[in-house]
file coords.pdb (PDB, C-alpha atoms)
ATOM      1  CA  ALA A 705     -25.025  -8.932   6.984
ATOM      2  CA  GLY A 706     -21.244  -9.268   7.038
ATOM      3  CA  LEU A 707     -19.142 -11.795   5.199
ATOM      4  CA  ARG A 708     -18.933 -15.396   6.330
ATOM      5  CA  LYS A 709     -15.613 -16.764   7.609
ATOM      6  CA  PRO A 710     -14.865 -18.821   4.474
ATOM      7  CA  GLU A 711     -15.421 -15.743   2.278
ATOM      8  CA  ILE A 712     -13.199 -13.610   4.525
ATOM      9  CA  ALA A 713     -10.472 -16.284   4.447
ATOM     10  CA  ARG A 714     -10.709 -16.486   0.646
ATOM     11  CA  LYS A 715     -10.436 -12.706   0.223
ATOM     12  CA  VAL A 716      -7.509 -12.444   2.659
ATOM     13  CA  GLY A 717      -5.724 -15.339   0.941
ATOM     14  CA  ASP A 718      -6.290 -13.761  -2.478
ATOM     15  CA  VAL A 719      -4.895 -10.383  -1.416
ATOM     16  CA  LEU A 720      -1.890 -11.957   0.339
ATOM     17  CA  GLU A 721      -1.179 -13.919  -2.840
ATOM     18  CA  ARG A 722      -1.428 -10.760  -4.956
ATOM     19  CA  ILE A 723       1.019  -8.856  -2.740
ATOM     20  CA  GLY A 724       3.465 -11.758  -2.950
ATOM     21  CA  LEU A 725       3.148 -12.943   0.654
ATOM     22  CA  PRO A 726       0.828 -15.977   0.595
ATOM     23  CA  GLU A 727       2.528 -17.612   3.605
ATOM     24  CA  ILE A 728       2.389 -14.544   5.836
ATOM     25  CA  GLY A 729      -1.142 -15.063   7.198
ATOM     26  CA  THR A 730      -0.032 -17.195  10.137
ATOM     27  CA  ARG A 731       3.038 -15.181  11.167
ATOM     28  CA  LYS A 732       3.185 -12.596  13.946
ATOM     29  CA  ILE A 733       3.763  -8.962  12.996
ATOM     30  CA  ASP A 734       7.062  -8.782  14.939
ATOM     31  CA  GLU A 735       8.419 -11.586  12.733
ATOM     32  CA  LEU A 736       8.023  -9.503   9.565
ATOM     33  CA  SER A 737      10.531  -7.216   7.851
ATOM     34  CA  GLY A 738       9.779  -3.528   7.283
ATOM     35  CA  GLY A 739       8.795  -4.145   3.676
ATOM     36  CA  GLN A 740       6.567  -7.066   4.625
ATOM     37  CA  LYS A 741       4.844  -4.950   7.277
ATOM     38  CA  GLN A 742       4.260  -2.235   4.690
ATOM     39  CA  ARG A 743       2.752  -4.696   2.219
ATOM     40  CA  VAL A 744       0.558  -6.256   4.923
ATOM     41  CA  ALA A 745      -0.726  -2.789   5.889
ATOM     42  CA  ILE A 746      -1.693  -2.148   2.274
ATOM     43  CA  ALA A 747      -3.208  -5.631   1.968
ATOM     44  CA  ARG A 748      -5.411  -4.941   4.994
ATOM     45  CA  CYS A 749      -6.899  -2.027   3.090
ATOM     46  CA  MET A 750      -7.104  -3.790  -0.263
ATOM     47  CA  VAL A 751      -9.225  -6.631   1.176
ATOM     48  CA  LEU A 752     -12.014  -4.040   1.369
ATOM     49  CA  GLU A 753     -11.636  -3.354  -2.388
ATOM     50  CA  PRO A 754     -11.615   0.451  -2.095
ATOM     51  CA  ASP A 755     -11.905   2.683  -5.146
ATOM     52  CA  VAL A 756      -9.447   5.139  -3.545
ATOM     53  CA  LEU A 757      -6.674   4.552  -0.997
ATOM     54  CA  LEU A 758      -5.038   7.411   0.930
ATOM     55  CA  LEU A 759      -1.321   6.819   1.563
ATOM     56  CA  ASP A 760       0.146   9.390   3.961
ATOM     57  CA  GLU A 761       3.971   9.242   3.837
ATOM     58  CA  PRO A 762       3.881   5.469   3.236
ATOM     59  CA  LEU A 763       7.661   5.178   2.813
ATOM     60  CA  GLY A 764       8.737   7.636   5.499
ATOM     61  CA  ALA A 765       9.880   5.087   8.107
ATOM     62  CA  LEU A 766      11.820   2.876   5.683
ATOM     63  CA  ASP A 767      15.542   2.884   4.891
ATOM     64  CA  LEU A 768      16.689   4.090   1.460
ATOM     65  CA  LYS A 769      17.075   0.636  -0.122
ATOM     66  CA  LEU A 770      13.647  -0.482   1.077
ATOM     67  CA  ARG A 771      12.088   2.837  -0.008
ATOM     68  CA  GLU A 772      13.282   2.270  -3.570
ATOM     69  CA  HIS A 773      11.989  -1.297  -3.545
ATOM     70  CA  MET A 774       8.611  -0.254  -2.105
ATOM     71  CA  LYS A 775       8.173   2.449  -4.768
ATOM     72  CA  ILE A 776       8.205  -0.305  -7.371
ATOM     73  CA  GLU A 777       5.948  -2.526  -5.246
ATOM     74  CA  LEU A 778       3.389   0.240  -4.711
ATOM     75  CA  LYS A 779       3.187   1.007  -8.427
ATOM     76  CA  GLN A 780       2.713  -2.706  -9.170
ATOM     77  CA  LEU A 781       0.009  -3.049  -6.506
ATOM     78  CA  GLN A 782      -1.782   0.035  -7.783
ATOM     79  CA  HIS A 783      -1.796  -1.379 -11.298
ATOM     80  CA  GLN A 784      -2.757  -4.867 -10.116
ATOM     81  CA  PHE A 785      -5.715  -3.753  -7.984
ATOM     82  CA  GLY A 786      -6.825  -0.859 -10.191
ATOM     83  CA  THR A 787      -7.229   1.370  -7.144
ATOM     84  CA  THR A 788      -6.599   5.115  -7.204
ATOM     85  CA  PHE A 789      -3.865   6.030  -4.714
ATOM     86  CA  VAL A 790      -3.825   9.502  -3.185
ATOM     87  CA  TYR A 791      -0.160   9.671  -2.216
ATOM     88  CA  ILE A 792       0.932  12.270   0.329
ATOM     89  CA  THR A 793       4.638  13.051   0.667
ATOM     90  CA  HIS A 794       7.009  15.903   1.434
ATOM     91  CA  ASP A 795       9.588  14.409  -0.958
ATOM     92  CA  GLN A 796       9.157  16.127  -4.337
ATOM     93  CA  SER A 797      11.192  13.583  -6.302
ATOM     94  CA  GLU A 798       9.180  10.753  -4.743
ATOM     95  CA  ALA A 799       5.952  12.548  -5.681
ATOM     96  CA  LEU A 800       7.072  12.844  -9.304
ATOM     97  CA  VAL A 801       8.148   9.202  -9.542
ATOM     98  CA  MET A 802       5.027   7.812  -7.872
ATOM     99  CA  SER A 803       2.334   9.953  -9.450
ATOM    100  CA  ASP A 804       0.404  10.332 -12.663
ATOM    101  CA  ARG A 805      -0.690  13.782 -11.470
ATOM    102  CA  VAL A 806       0.787  16.036  -8.775
ATOM    103  CA  ALA A 807      -0.918  18.701  -6.679
ATOM    104  CA  VAL A 808       1.155  20.942  -4.410
ATOM    105  CA  MET A 809      -0.272  22.164  -1.130
ATOM    106  CA  ASN A 810       1.097  25.393   0.325
ATOM    107  CA  ALA A 811      -0.274  27.057   3.453
ATOM    108  CA  GLY A 812      -3.302  24.750   3.398
ATOM    109  CA  ARG A 813      -4.225  25.466  -0.230
ATOM    110  CA  PHE A 814      -3.592  23.548  -3.423
ATOM    111  CA  GLU A 815      -1.565  25.442  -6.006
TER     112      GLU A 815
END
call {"tool": "encode", "arguments": {"input": "coords.pdb", "output": "structure tokens"}}
result
Amino acid sequence: AGLRKPEIARKVGDVLERIGLPEIGTRKIDELSGGQKQRVAIARCMVLEPDVLLLDEPLGALDLKLREHMKIELKQLQHQFGTTFVYITHDQSEALVMSDRVAVMNAGRFE
């Protein structure tokens, strides 16, 4: 009892529009920039309309300029979709900028 193709296409188109990449659906992944790839990865998850999304070092592989841009993008997407993001990072300043609440894990335990 999965979704029909027209419904899938509509949902994918809607999410691509919301992440600001409506034309990206027909392009190959190797034709995309780092930021576009990051947004497409998030869009793939958001099509499923999750209540919570786990982001494990989502900016780790990006250069400094793109990291700063993607911080803004992620906050906008979070607000736009209304999804709770559990954001995992080793970068304390990034954690403070990106989070409403912060939990610190040390030796496998939250402090």
call {"tool": "resolve_selection", "arguments": {"input": "coords.pdb", "expression": "the PyMOL selection byres ((chain A and resi 744) around 10)", "output": "PyMOL selection string"}}
result
chain A and resi 719-720+723+725+728-729+733+736+738-743+745-750
call {"tool": "residues_around", "arguments": {"input": "coords.pdb", "residues": "A:Thr787", "least_positions_apart": "6", "cutoff": "9 Å", "atoms": "only C-alpha atoms", "output": "list in words"}}
result
Met750, Glu753, Pro754, Asp755, Val756, Leu757 and Leu781 of chain A
call {"tool": "residues_around", "arguments": {"input": "coords.pdb", "residues": "A:Lys779", "least_positions_apart": "2", "cutoff": "10 Å", "atoms": "only C-alpha atoms", "output": "PyMOL selection string"}}
result
chain A and resi 774-777+781-784+789+801-803
call {"tool": "atom_distance", "arguments": {"input": "coords.pdb", "atom1": "atom CA of A:Val808", "atom2": "atom CA of A:Val790"}}
result
12.5 Å
call {"tool": "resolve_selection", "arguments": {"input": "coords.pdb", "expression": "the PyMOL selection byres ((chain A and resi 793) around 12)", "output": "ChimeraX atom specification"}}
result
/A:758-764,790-792,794-803,806-809
call {"tool": "closest_residue", "arguments": {"input": "coords.pdb", "among": "A:Arg805, A:Arg771, A:Arg813, A:Val751", "to": "A:Arg722", "atoms": "only C-alpha atoms"}}
result
A:Val751
call {"tool": "atom_distance", "arguments": {"input": "coords.pdb", "atom1": "atom CA of A:Gln780", "atom2": "atom CA of A:Ala765"}}
result
20.3 Å
